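Structure record follows, encoded as structure tokens.
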Amino acid sequence: MYIIGIDIGGTNMRVGLFKDGNMIKKTSVFTRTEEGVVAIITRLKQLIVNVLEQANIEMGQVKGIGVGCPGPLDPWKGEIQSPPNLPGWDHIPLKKILEEEYSLPVFLHNDANAAALGEYTFAYNRNVNNLVYITVSTGVGGGVVADGRLLLGVNGSAAEIGHMIINPNGNLCSCGNRGCLEAQASGTGIVSKTKALLQTTKEASVLKGKSKLTSKDVFVAAENGDALCKRIIEEVQFDLALGLTNIVHAYNPEMVVYGGGVMQAGESFIKPVIEKAEKMILPGMKGRLTFAATKLGGELGLYGAAALVDYFQE
Ligand SMILES: [Zn+2]
């Protein structure tokens, strides 16, 4: 039997077809959130048709559909609840819509939780029973597999590690709190931190007066020796190390898998983060702990979605 994995993001919407743990076909389109829910779901259904046609199989040969989507969402109701990345998706019962369309079981989960399950299932063959996934890009997300189970929490929102507060006097977060890991160390956080500093300091920097600033600009300037940017990157490294330390202390994982553009900014960036974290992690929790970049890379969203089907059907 086949499995369909669907990865819905604010920029791209992708569908993958899986058989025996391998993705055999995939297809994607821009989400175009401005077109609204109905148009997007219509295009999603077309993507599903396309992927089945490419593989020359019928819907009757599919045993289930997994969907990873930005939160907040209710995985039990299968309802998407106004994610900031999907404007207009207000209480959309996507699970019900797809189940009625295809008469198949559909499993809808937060994309970061699905990603953790994807690494656990496909990258580590369910052999690493305590695994944390952390992604740091424009935002910060995470998922936890504890004792071989995906941790969901009472709202299905467990492991919102982006909103772990690591500096109560830190940057204002989109959630309203100060000093969340996401506000301190995401790509967005790096940009706002740099902008704020550039506005108030007399210190020279190659980025002074630059109109459109990206986190990549800050990384490149730091690499080229810009003292102000170097300091910002060092702060980000320390904040990420604090975040990783807290995560390890909370969940006692064997494996911390990281992904996202910031975490994969290069060996010279991530190595000091892990070294700083290892200095702070309790000795008893270090012996069997490994940090590793995602093995599934850009396809992790699809693998995570597909992993939901077997996991929740068993
Ligand atoms: Zn927050």
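By convention in this document, the chains of the structure tokens carry letters A, B, ... by their order, each chain's residues are numbered from 1, and ligands are numbered from 1 in the order they are shown.
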
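If you count only C-alpha atoms and ignore residues fewer than 6 places along the chain from Leu108 in chain A, what sits within 7 Å of it is Gly66, Val67, Gly68, Pro75, Gly78 and Lys95 of chain A.
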
Expected file contents, prior selection, C-alpha atoms, as a PDB file, in the first residue's frame:
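Written out: selection_37.pdb:
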```
ATOM      1  CA  GLY A  66      -0.501  12.527   6.556  1.00  0.00           C
ATOM      2  CA  VAL A  67      -0.477  16.327   6.639  1.00  0.00           C
ATOM      3  CA  GLY A  68       2.099  18.570   8.287  1.00  0.00           C
ATOM      4  CA  PRO A  75      -4.646  17.373  15.679  1.00  0.00           C
ATOM      5  CA  GLY A  78      -7.931  17.885  12.445  1.00  0.00           C
ATOM      6  CA  LYS A  95      -8.819  16.426   8.059  1.00  0.00           C
TER       7      LYS A  95
END
```

Quiz item: If you count only C-alpha atoms, which residues fall within 10 Å of Ile80 in chain A, apart from same-chain ones fewer than 4 positions away, as a list in words?
Solution: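 Once the adjacent positions are removed, what remains is Cys69, Pro70, Gly71, Pro72, Leu73, Asp74, Pro75, Leu86, Trp89, Asp90, His91, Ile92, Pro93, Leu94, Lys95, Leu108, His109 and Asn110 of chain A.
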
Quiz item: Quick one: residues within 8 Å of ligand 1, with only C-alpha atoms and all ligand atoms, as a count of residues only?
Solution: 16

Exercise. Just the alpha helix (DSSP H) stuff from range 74-174 of chain A, please, per backbone DSSP, written as a ChimeraX atom specification.
Key: /A:94-102,111-118

Practice problem: Give me every strand (DSSP E) residue in range 244-281 of chain A, going by DSSP on the backbone, as number ranges by chain. | Solution: A: 255-259

Save the residues we just selected, C-alpha atoms, as a short mmCIF file (atom, residue, chain, number, x, y, z; two decimals), in the first residue's frame?
```
data_model
loop_
_atom_site.label_atom_id
_atom_site.label_comp_id
_atom_site.auth_asym_id
_atom_site.auth_seq_id
_atom_site.Cartn_x
_atom_site.Cartn_y
_atom_site.Cartn_z
CA MET A 255 19.77 12.48 19.73
CA VAL A 256 19.19 16.17 19.01
CA VAL A 257 18.56 16.64 15.30
CA TYR A 258 18.77 20.17 13.95
CA GLY A 259 17.57 21.75 10.73
#
```

Exercise. For Ile24 in chain A, please output as a ChimeraX atom specification all residues within 10 Å (counting only C-alpha atoms; exclusion window: fewer than 3 positions along the same chain).
Key: /A:2,16-21,51,54-55

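The spacing separating CA of Val145 in chain A from CA of Asn113 in chain A amounts to 8.6 Å.
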
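Pairwise distance (CA of Gln184 in chain A, CA of Glu203 in chain A) equals 21.3 Å.
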
Quiz item: So which residues touch Ile281 in chain A within 9 Å, counting only C-alpha atoms, skipping near sequence neighbours fewer than 6 positions away, as a ChimeraX atom specification?
Solution: /A:244-246,248-249

Now that the selection is made, can you save its residues with N, CA and C atoms as a PDB file, in the first residue's frame?
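See selection_32.pdb below for the written result:
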```pdb
ATOM      1  N   LEU A 244      19.413  24.767  23.582  1.00  0.00           N
ATOM      2  CA  LEU A 244      19.720  23.334  23.472  1.00  0.00           C
ATOM      3  C   LEU A 244      19.917  22.716  24.852  1.00  0.00           C
ATOM      4  N   THR A 245      20.583  23.463  25.733  1.00  0.00           N
ATOM      5  CA  THR A 245      20.814  22.954  27.089  1.00  0.00           C
ATOM      6  C   THR A 245      19.481  22.712  27.798  1.00  0.00           C
ATOM      7  N   ASN A 246      18.577  23.692  27.722  1.00  0.00           N
ATOM      8  CA  ASN A 246      17.266  23.541  28.369  1.00  0.00           C
ATOM      9  C   ASN A 246      16.498  22.353  27.787  1.00  0.00           C
ATOM     10  N   VAL A 248      17.735  19.655  26.360  1.00  0.00           N
ATOM     11  CA  VAL A 248      18.348  18.395  26.804  1.00  0.00           C
ATOM     12  C   VAL A 248      17.970  18.115  28.259  1.00  0.00           C
ATOM     13  N   HIS A 249      17.996  19.162  29.094  1.00  0.00           N
ATOM     14  CA  HIS A 249      17.637  18.950  30.499  1.00  0.00           C
ATOM     15  C   HIS A 249      16.169  18.563  30.651  1.00  0.00           C
TER      16      HIS A 249
END
```

Self-check item: Among the residues A:Gly141, A:Gly88, A:Gly118, A:Gly10, the one that comes closest to Ala306 in chain A [using only C-alpha atoms]
Solution: A:Gly118

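You will find CA of Met23 in chain A at 15.9 Å from CA of Tyr124 in chain A.
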
Quiz prompt | Contacts of Pro253 in chain A within 9 Å, only C-alpha atoms, excl. fewer than 5 positions in-chain, as a ChimeraX atom specification | solution = /A:128-132,144-146,247-248,285,288-290

Quiz item: If you count only C-alpha atoms, which residues fall within 8 Å of Thr31 in chain A, apart from same-chain ones fewer than 3 positions away, as a ChimeraX atom specification?
Solution: /A:8-13,40

Once you have the residues from the selection above, write them out as a PDB file, in the first residue's frame, restricted to N, CA and C atoms.
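The resulting file, out09.pdb, is reproduced below:
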```pdb
ATOM      1  N   ILE A   8       2.227  21.502   4.028  1.00  0.00           N
ATOM      2  CA  ILE A   8       1.671  22.816   3.678  1.00  0.00           C
ATOM      3  C   ILE A   8       2.471  23.887   4.409  1.00  0.00           C
ATOM      4  N   GLY A   9       3.062  24.794   3.663  1.00  0.00           N
ATOM      5  CA  GLY A   9       3.812  25.886   4.281  1.00  0.00           C
ATOM      6  C   GLY A   9       3.310  27.219   3.754  1.00  0.00           C
ATOM      7  N   GLY A  10       3.783  28.299   4.347  1.00  0.00           N
ATOM      8  CA  GLY A  10       3.362  29.621   3.910  1.00  0.00           C
ATOM      9  C   GLY A  10       3.838  29.946   2.503  1.00  0.00           C
ATOM     10  N   THR A  11       4.929  29.304   2.054  1.00  0.00           N
ATOM     11  CA  THR A  11       5.481  29.591   0.724  1.00  0.00           C
ATOM     12  C   THR A  11       5.182  28.476  -0.271  1.00  0.00           C
ATOM     13  N   ASN A  12       5.456  27.231   0.122  1.00  0.00           N
ATOM     14  CA  ASN A  12       5.258  26.092  -0.782  1.00  0.00           C
ATOM     15  C   ASN A  12       4.286  25.081  -0.202  1.00  0.00           C
ATOM     16  N   MET A  13       3.634  24.374  -1.111  1.00  0.00           N
ATOM     17  CA  MET A  13       2.742  23.286  -0.725  1.00  0.00           C
ATOM     18  C   MET A  13       3.226  22.076  -1.521  1.00  0.00           C
ATOM     19  N   ILE A  40      -6.714  27.278  -2.544  1.00  0.00           N
ATOM     20  CA  ILE A  40      -5.513  26.517  -2.164  1.00  0.00           C
ATOM     21  C   ILE A  40      -5.861  25.033  -2.013  1.00  0.00           C
TER      22      ILE A  40
END
```
